[in-house]
Amino acid sequence: MSAGQWIAIGVAVAISLLLVFVIHWLLNHQLGRIWPQARFVVARSTFTAYAAGAVVGANLALPDRGEVEWSIYQTIDHLMVILMIGSLTGLGISLAYAATDMILARLSTSNGDADRRARRLQTQVRLLRRVITSIIVVLAISAILFTFDEVRALGAGLLASAGIIGIVAGVAAQSTLANLFAGLQLAFSDALRIGDVVVIEGEWGRVEELSLVNVTVKIWDERRLVVPVANFTTMAFENWTKQSTQITAKVMLPLDWEVPIGALREEAGRLITSSEYWDGRSWSCQVVDILGDGLVQVRVVATAADSGDQWNIACQMREHLVGWLVEHYPESLPRNRTEFVSGGDDADYAAQFPASAFRRGASAREAEKALVEHRDKDSDEG
């Protein structure tokens, strides 16, 4: 290559880089004043725009293959074409991400968990961004492969056998395709959104990321549960924020039959109505079951605005009511009763257990009488 050709290449690259610099400066300082979203374009394309500009400028200034006598110039020219395809692909992906960043930034200003529509759109935009990126990358790889003469010649034969290749590829990528379609189904059926509170495989957490392959759930203890997307379409899972963030807290108390239900209900109501975690909708305290081990099941429920308040008010009710029962009504705590059946005279038993709880009514009076007679007998003998 002559000196003039090298100078032409250098000038073309410099002009391309200068043009990219001017566009970035306009986006940052001039257009950015009236269009704040321009900063996303600059942030995403800082590297890819300069790389694409330099490579495209060099390709435009390269001389024809017949004008250079280098034996490896054909390889260099081919390599520059591949670099141009790769750099333009990177720039296209950056611009696609910048466009979606504008949408996500606008949606992030919505009302957090309570805004179902915003979270649904965020999920769909993120998933579509990944789909578009995958398509761009596949097209770029195809374009690079077809720059090789051998692959281009093979293309006609591949088209003739496209049906067989499609079947083989479909079988080989069955799980990948299943996850891809499952992710699209979840996003556009509104069954799952980023930020949803879910219970999956016995773990409670919040959906942190929804990709084409996996769903990442951030568990309450800051672990991450990575679940294949297809599992959410084939397995049952709980979505606590499907319709709204409002939820009901529930506390189950197995107690003795002697528990004063009226006093317990009054204390539960006083606690709930004064709690900062109660959303003011409803609460209740009821005996809901008789357990097989001789206890009664008391259920205390209170509504909350979201899952965080639901957890806090449930713990608050449980801690307070347990302490209140221990202090004021210890006989209400769970206990097991055992009944001894004697032949008739239970004076010996009454002497050992004078305040036994199972002796009621006439049986208690008879046992007390027998106890007195037993004591008188012992005194006479003494």
# chains A, B, ... in the order shown; residues from 1 in each chain; ligands from 1
$ residues_around --residues "A:Val199" --least-positions-apart "6" --cutoff "10 Å" --atoms "only C-alpha atoms" --output "mmCIF file with all heavy atoms, in the first residue's frame"
data_model
loop_
_atom_site.group_PDB
_atom_site.id
_atom_site.type_symbol
_atom_site.label_atom_id
_atom_site.label_comp_id
_atom_site.auth_asym_id
_atom_site.auth_seq_id
_atom_site.Cartn_x
_atom_site.Cartn_y
_atom_site.Cartn_z
ATOM 1 N N GLY A 205 -40.133 -15.434 48.123
ATOM 2 C CA GLY A 205 -39.197 -14.422 47.654
ATOM 3 C C GLY A 205 -39.827 -13.511 46.623
ATOM 4 O O GLY A 205 -41.020 -13.569 46.347
ATOM 5 N N ARG A 206 -38.991 -12.666 46.040
ATOM 6 C CA ARG A 206 -39.441 -11.677 45.065
ATOM 7 C C ARG A 206 -38.727 -11.933 43.735
ATOM 8 O O ARG A 206 -37.514 -12.179 43.710
ATOM 9 C CB ARG A 206 -39.134 -10.270 45.577
ATOM 10 C CG ARG A 206 -39.736 -9.149 44.739
ATOM 11 C CD ARG A 206 -39.367 -7.795 45.325
ATOM 12 N NE ARG A 206 -39.948 -7.612 46.645
ATOM 13 C CZ ARG A 206 -41.155 -7.136 46.867
ATOM 14 N NH1 ARG A 206 -41.928 -6.797 45.845
ATOM 15 N NH2 ARG A 206 -41.618 -7.002 48.101
ATOM 16 N N VAL A 207 -39.481 -11.871 42.630
ATOM 17 C CA VAL A 207 -38.902 -12.094 41.306
ATOM 18 C C VAL A 207 -37.931 -10.954 40.998
ATOM 19 O O VAL A 207 -38.321 -9.793 40.933
ATOM 20 C CB VAL A 207 -40.002 -12.184 40.230
ATOM 21 C CG1 VAL A 207 -39.371 -12.339 38.852
ATOM 22 C CG2 VAL A 207 -40.929 -13.347 40.517
ATOM 23 N N VAL A 217 -35.285 -15.689 41.672
ATOM 24 C CA VAL A 217 -36.119 -15.247 42.796
ATOM 25 C C VAL A 217 -35.200 -14.903 43.960
ATOM 26 O O VAL A 217 -34.407 -15.747 44.398
ATOM 27 C CB VAL A 217 -37.126 -16.339 43.206
ATOM 28 C CG1 VAL A 217 -37.971 -15.860 44.387
ATOM 29 C CG2 VAL A 217 -38.014 -16.726 42.030
ATOM 30 N N ILE A 219 -34.749 -14.622 47.594
ATOM 31 C CA ILE A 219 -35.413 -15.125 48.790
ATOM 32 C C ILE A 219 -35.208 -14.136 49.938
ATOM 33 O O ILE A 219 -34.271 -13.320 49.927
ATOM 34 C CB ILE A 219 -34.880 -16.525 49.139
ATOM 35 C CG1 ILE A 219 -35.012 -17.444 47.917
ATOM 36 C CG2 ILE A 219 -35.631 -17.142 50.303
ATOM 37 C CD1 ILE A 219 -34.411 -18.808 48.115
ATOM 38 N N ALA A 236 -47.452 -25.568 39.861
ATOM 39 C CA ALA A 236 -48.233 -24.567 40.595
ATOM 40 C C ALA A 236 -47.297 -23.732 41.470
ATOM 41 O O ALA A 236 -46.360 -24.256 42.072
ATOM 42 C CB ALA A 236 -49.287 -25.255 41.456
ATOM 43 N N PHE A 237 -47.559 -22.435 41.521
ATOM 44 C CA PHE A 237 -46.807 -21.552 42.401
ATOM 45 C C PHE A 237 -47.747 -20.459 42.897
ATOM 46 O O PHE A 237 -48.778 -20.179 42.288
ATOM 47 C CB PHE A 237 -45.602 -20.937 41.674
ATOM 48 C CG PHE A 237 -45.952 -19.994 40.566
ATOM 49 C CD1 PHE A 237 -46.006 -18.622 40.773
ATOM 50 C CD2 PHE A 237 -46.221 -20.464 39.291
ATOM 51 C CE1 PHE A 237 -46.340 -17.753 39.757
ATOM 52 C CE2 PHE A 237 -46.545 -19.598 38.261
ATOM 53 C CZ PHE A 237 -46.610 -18.243 38.491
ATOM 54 N N GLU A 238 -47.387 -19.865 44.016
ATOM 55 C CA GLU A 238 -48.191 -18.799 44.612
ATOM 56 C C GLU A 238 -47.659 -17.438 44.163
ATOM 57 O O GLU A 238 -46.459 -17.185 44.225
ATOM 58 C CB GLU A 238 -48.146 -18.871 46.147
ATOM 59 C CG GLU A 238 -48.733 -20.148 46.720
ATOM 60 C CD GLU A 238 -48.668 -20.152 48.246
ATOM 61 O OE1 GLU A 238 -48.614 -19.051 48.831
ATOM 62 O OE2 GLU A 238 -48.655 -21.250 48.834
ATOM 63 N N ASN A 239 -48.552 -16.591 43.712
ATOM 64 C CA ASN A 239 -48.216 -15.213 43.356
ATOM 65 C C ASN A 239 -49.022 -14.297 44.265
ATOM 66 O O ASN A 239 -50.223 -14.127 44.091
ATOM 67 C CB ASN A 239 -48.528 -14.941 41.886
ATOM 68 C CG ASN A 239 -47.980 -13.592 41.434
ATOM 69 O OD1 ASN A 239 -47.744 -12.701 42.245
ATOM 70 N ND2 ASN A 239 -47.776 -13.446 40.139
ATOM 71 N N TRP A 240 -48.354 -13.707 45.245
ATOM 72 C CA TRP A 240 -49.040 -12.895 46.252
ATOM 73 C C TRP A 240 -49.390 -11.502 45.734
ATOM 74 O O TRP A 240 -50.117 -10.763 46.410
ATOM 75 C CB TRP A 240 -48.162 -12.760 47.492
ATOM 76 C CG TRP A 240 -48.046 -14.033 48.283
ATOM 77 C CD1 TRP A 240 -48.408 -15.293 47.870
ATOM 78 C CD2 TRP A 240 -47.547 -14.179 49.603
ATOM 79 N NE1 TRP A 240 -48.154 -16.212 48.847
ATOM 80 C CE2 TRP A 240 -47.627 -15.557 49.933
ATOM 81 C CE3 TRP A 240 -47.041 -13.294 50.536
ATOM 82 C CZ2 TRP A 240 -47.202 -16.046 51.157
ATOM 83 C CZ3 TRP A 240 -46.614 -13.784 51.766
ATOM 84 C CH2 TRP A 240 -46.707 -15.153 52.071
#
$ closest_residue --among "A:Asp289, A:Glu209, A:Glu331, A:Asp279" --to "A:Ile194" --atoms "only C-alpha atoms"
A:Glu209
$ closest_residue --among "A:Leu295, A:Leu121, A:Val300, A:Ile290" --to "A:Ser189" --atoms "only C-alpha atoms"
A:Leu121
$ select_by_dssp --residues "stretch 189-261 of chain A" --states "strand (DSSP E)" --output "MDAnalysis selection string"
chainID A and resid 197:200 203:210 214:219 224:228 238:239 247:255
$ write_last_selection --atoms "C-alpha atoms" --output "compact mmCIF listing (two decimals), in the first residue's frame"
# COMPACT_ATOMS: atom_id res chain seq x y z
CA VAL A 197 -43.83 -11.83 45.54
CA VAL A 198 -44.02 -15.58 44.91
CA VAL A 199 -43.77 -18.88 46.75
CA ILE A 200 -42.06 -21.52 44.62
CA GLU A 203 -39.42 -20.69 49.24
CA TRP A 204 -40.83 -17.17 49.66
CA GLY A 205 -39.20 -14.42 47.65
CA ARG A 206 -39.44 -11.68 45.07
CA VAL A 207 -38.90 -12.09 41.31
CA GLU A 208 -35.63 -10.31 40.61
CA GLU A 209 -34.97 -11.27 37.00
CA LEU A 210 -36.92 -12.94 34.20
CA ASN A 214 -34.40 -18.83 34.04
CA VAL A 215 -36.35 -16.88 36.62
CA THR A 216 -34.24 -15.55 39.50
CA VAL A 217 -36.12 -15.25 42.80
CA LYS A 218 -34.51 -13.25 45.60
CA ILE A 219 -35.41 -15.13 48.79
CA ARG A 224 -31.17 -16.48 45.01
CA LEU A 225 -33.34 -19.31 43.75
CA VAL A 226 -32.81 -19.87 40.02
CA VAL A 227 -35.75 -21.75 38.49
CA PRO A 228 -36.19 -22.74 34.82
CA GLU A 238 -48.19 -18.80 44.61
CA ASN A 239 -48.22 -15.21 43.36
CA ILE A 247 -52.85 -9.50 51.79
CA THR A 248 -54.16 -10.97 55.05
CA ALA A 249 -51.96 -11.97 57.98
CA LYS A 250 -52.96 -15.12 59.88
CA VAL A 251 -51.91 -16.36 63.31
CA MET A 252 -53.03 -19.79 64.60
CA LEU A 253 -53.04 -20.34 68.39
CA PRO A 254 -53.69 -23.85 69.78
CA LEU A 255 -55.03 -23.17 73.28
$ closest_residue --among "A:Gly195, A:Gly53, A:Gly183, A:Gly269" --to "A:Val213" --atoms "only C-alpha atoms"
A:Gly183
$ select_by_dssp --residues "stretch 250-350 of chain A" --states "alpha helix (DSSP H)" --output "PyMOL selection string"
chain A and resi 261-273+307-328+347-350
$ write_last_selection --atoms "N, CA, C and O atoms" --output "short mmCIF file (atom, residue, chain, number, x, y, z; two decimals), in the first residue's frame"
data_model
loop_
_atom_site.label_atom_id
_atom_site.label_comp_id
_atom_site.auth_asym_id
_atom_site.auth_seq_id
_atom_site.Cartn_x
_atom_site.Cartn_y
_atom_site.Cartn_z
N ILE A 261 -62.38 -16.52 75.40
CA ILE A 261 -62.43 -16.06 74.01
C ILE A 261 -62.77 -14.58 73.93
O ILE A 261 -62.19 -13.83 73.13
N GLY A 262 -63.73 -14.14 74.74
CA GLY A 262 -64.12 -12.73 74.70
C GLY A 262 -62.98 -11.80 75.04
O GLY A 262 -62.74 -10.80 74.35
N ALA A 263 -62.25 -12.11 76.12
CA ALA A 263 -61.13 -11.26 76.52
C ALA A 263 -60.01 -11.32 75.48
O ALA A 263 -59.37 -10.30 75.17
N LEU A 264 -59.77 -12.51 74.90
CA LEU A 264 -58.74 -12.64 73.88
C LEU A 264 -59.10 -11.83 72.64
O LEU A 264 -58.24 -11.16 72.05
N ARG A 265 -60.37 -11.88 72.24
CA ARG A 265 -60.80 -11.12 71.06
C ARG A 265 -60.66 -9.62 71.31
O ARG A 265 -60.23 -8.86 70.43
N GLU A 266 -60.99 -9.19 72.50
CA GLU A 266 -60.88 -7.77 72.82
C GLU A 266 -59.43 -7.30 72.79
O GLU A 266 -59.12 -6.23 72.27
N GLU A 267 -58.53 -8.11 73.34
CA GLU A 267 -57.13 -7.74 73.36
C GLU A 267 -56.54 -7.76 71.94
O GLU A 267 -55.75 -6.88 71.58
N ALA A 268 -56.93 -8.76 71.13
CA ALA A 268 -56.45 -8.82 69.75
C ALA A 268 -56.92 -7.60 68.96
O ALA A 268 -56.15 -7.00 68.19
N GLY A 269 -58.18 -7.19 69.14
CA GLY A 269 -58.69 -6.02 68.45
C GLY A 269 -57.97 -4.76 68.86
O GLY A 269 -57.68 -3.89 68.02
N ARG A 270 -57.70 -4.63 70.17
CA ARG A 270 -56.98 -3.45 70.64
C ARG A 270 -55.59 -3.37 70.02
O ARG A 270 -55.13 -2.30 69.60
N LEU A 271 -54.91 -4.53 69.93
CA LEU A 271 -53.57 -4.54 69.37
C LEU A 271 -53.60 -4.21 67.87
O LEU A 271 -52.82 -3.39 67.38
N ILE A 272 -54.48 -4.87 67.13
CA ILE A 272 -54.50 -4.72 65.67
C ILE A 272 -54.86 -3.30 65.27
O ILE A 272 -54.22 -2.70 64.40
N THR A 273 -55.90 -2.75 65.88
CA THR A 273 -56.36 -1.41 65.48
C THR A 273 -55.36 -0.32 65.82
O THR A 273 -55.41 0.78 65.25
N SER A 307 -46.92 -7.55 51.53
CA SER A 307 -46.38 -8.74 52.19
C SER A 307 -45.43 -8.38 53.33
O SER A 307 -45.33 -9.12 54.31
N GLY A 308 -44.73 -7.24 53.22
CA GLY A 308 -43.85 -6.83 54.31
C GLY A 308 -44.63 -6.50 55.57
O GLY A 308 -44.29 -6.96 56.67
N ASP A 309 -45.71 -5.72 55.43
CA ASP A 309 -46.54 -5.40 56.59
C ASP A 309 -47.27 -6.64 57.09
O ASP A 309 -47.51 -6.77 58.30
N GLN A 310 -47.62 -7.55 56.18
CA GLN A 310 -48.28 -8.79 56.59
C GLN A 310 -47.39 -9.59 57.53
O GLN A 310 -47.83 -10.11 58.55
N TRP A 311 -46.12 -9.71 57.20
CA TRP A 311 -45.19 -10.46 58.04
C TRP A 311 -45.02 -9.76 59.39
O TRP A 311 -45.03 -10.41 60.44
N ASN A 312 -44.88 -8.45 59.37
CA ASN A 312 -44.65 -7.72 60.62
C ASN A 312 -45.84 -7.78 61.56
O ASN A 312 -45.68 -7.99 62.77
N ILE A 313 -47.05 -7.62 61.03
CA ILE A 313 -48.21 -7.63 61.93
C ILE A 313 -48.49 -9.04 62.44
O ILE A 313 -48.96 -9.23 63.57
N ALA A 314 -48.18 -10.08 61.64
CA ALA A 314 -48.35 -11.45 62.11
C ALA A 314 -47.42 -11.73 63.28
O ALA A 314 -47.83 -12.31 64.30
N CYS A 315 -46.17 -11.34 63.16
CA CYS A 315 -45.22 -11.54 64.26
C CYS A 315 -45.63 -10.71 65.48
O CYS A 315 -45.52 -11.17 66.63
N GLN A 316 -46.12 -9.51 65.24
CA GLN A 316 -46.55 -8.64 66.33
C GLN A 316 -47.72 -9.27 67.10
O GLN A 316 -47.72 -9.29 68.34
N MET A 317 -48.71 -9.78 66.39
CA MET A 317 -49.85 -10.42 67.04
C MET A 317 -49.42 -11.65 67.82
O MET A 317 -49.85 -11.87 68.96
N ARG A 318 -48.58 -12.47 67.22
CA ARG A 318 -48.16 -13.71 67.87
C ARG A 318 -47.38 -13.41 69.16
O ARG A 318 -47.65 -14.01 70.21
N GLU A 319 -46.43 -12.50 69.08
CA GLU A 319 -45.61 -12.19 70.25
C GLU A 319 -46.45 -11.58 71.37
O GLU A 319 -46.32 -11.96 72.55
N HIS A 320 -47.32 -10.64 71.02
CA HIS A 320 -48.10 -9.94 72.05
C HIS A 320 -49.11 -10.87 72.71
O HIS A 320 -49.23 -10.89 73.95
N LEU A 321 -49.84 -11.64 71.92
CA LEU A 321 -50.89 -12.46 72.49
C LEU A 321 -50.33 -13.60 73.33
O LEU A 321 -50.92 -13.97 74.35
N VAL A 322 -49.19 -14.15 72.93
CA VAL A 322 -48.58 -15.20 73.76
C VAL A 322 -48.16 -14.62 75.10
O VAL A 322 -48.43 -15.21 76.17
N GLY A 323 -47.51 -13.46 75.09
CA GLY A 323 -47.12 -12.84 76.36
C GLY A 323 -48.32 -12.45 77.20
O GLY A 323 -48.31 -12.60 78.44
N TRP A 324 -49.38 -11.96 76.55
CA TRP A 324 -50.59 -11.56 77.29
C TRP A 324 -51.27 -12.76 77.94
O TRP A 324 -51.71 -12.68 79.10
N LEU A 325 -51.33 -13.88 77.26
CA LEU A 325 -51.94 -15.09 77.83
C LEU A 325 -51.10 -15.63 78.98
O LEU A 325 -51.64 -16.07 80.00
N VAL A 326 -49.79 -15.61 78.83
CA VAL A 326 -48.93 -16.10 79.92
C VAL A 326 -49.11 -15.25 81.17
O VAL A 326 -49.13 -15.77 82.30
N GLU A 327 -49.26 -13.96 81.00
CA GLU A 327 -49.35 -13.07 82.14
C GLU A 327 -50.73 -13.09 82.79
O GLU A 327 -50.84 -13.11 84.03
N HIS A 328 -51.80 -13.09 82.00
CA HIS A 328 -53.14 -12.93 82.55
C HIS A 328 -53.93 -14.23 82.63
O HIS A 328 -54.74 -14.41 83.55
N ALA A 347 -59.79 -41.58 97.71
CA ALA A 347 -59.24 -40.76 98.78
C ALA A 347 -57.73 -40.67 98.69
O ALA A 347 -57.14 -39.61 98.93
N ASP A 348 -57.09 -41.79 98.31
CA ASP A 348 -55.62 -41.75 98.20
C ASP A 348 -55.19 -40.79 97.11
O ASP A 348 -54.23 -40.04 97.27
N TYR A 349 -55.92 -40.83 96.00
CA TYR A 349 -55.58 -39.92 94.89
C TYR A 349 -55.84 -38.48 95.30
O TYR A 349 -55.05 -37.58 95.01
N ALA A 350 -56.97 -38.26 96.01
CA ALA A 350 -57.31 -36.90 96.43
C ALA A 350 -56.30 -36.36 97.42
O ALA A 350 -56.04 -35.16 97.48
#
$ residues_around --residues "A:Gly90" --least-positions-apart "5" --cutoff "12 Å" --atoms "only C-alpha atoms" --output "ChimeraX atom specification"
/A:44-53,83-85,95-97,133-134,136-137,140
$ residues_around --residues "stretch 22-38 of chain A" --least-positions-apart "5" --cutoff "10 Å" --atoms "only C-alpha atoms" --output "number ranges by chain"
A: 16-17, 43, 45-46, 49, 98-99, 101-103, 105-106
$ atom_distance --atom1 "atom CA of A:Gln297" --atom2 "atom CA of A:Trp257"
9.6 Å
$ closest_residue --among "A:Ala58, A:Ile135, A:Val81, A:Leu91" --to "A:Gln5" --atoms "only C-alpha atoms"
A:Ala58
$ atom_distance --atom1 "atom CA of A:Phe181" --atom2 "atom CA of A:Ile93"
21.9 Å
$ atom_distance --atom1 "atom CA of A:Val20" --atom2 "atom CA of A:Ser142"
27.4 Å
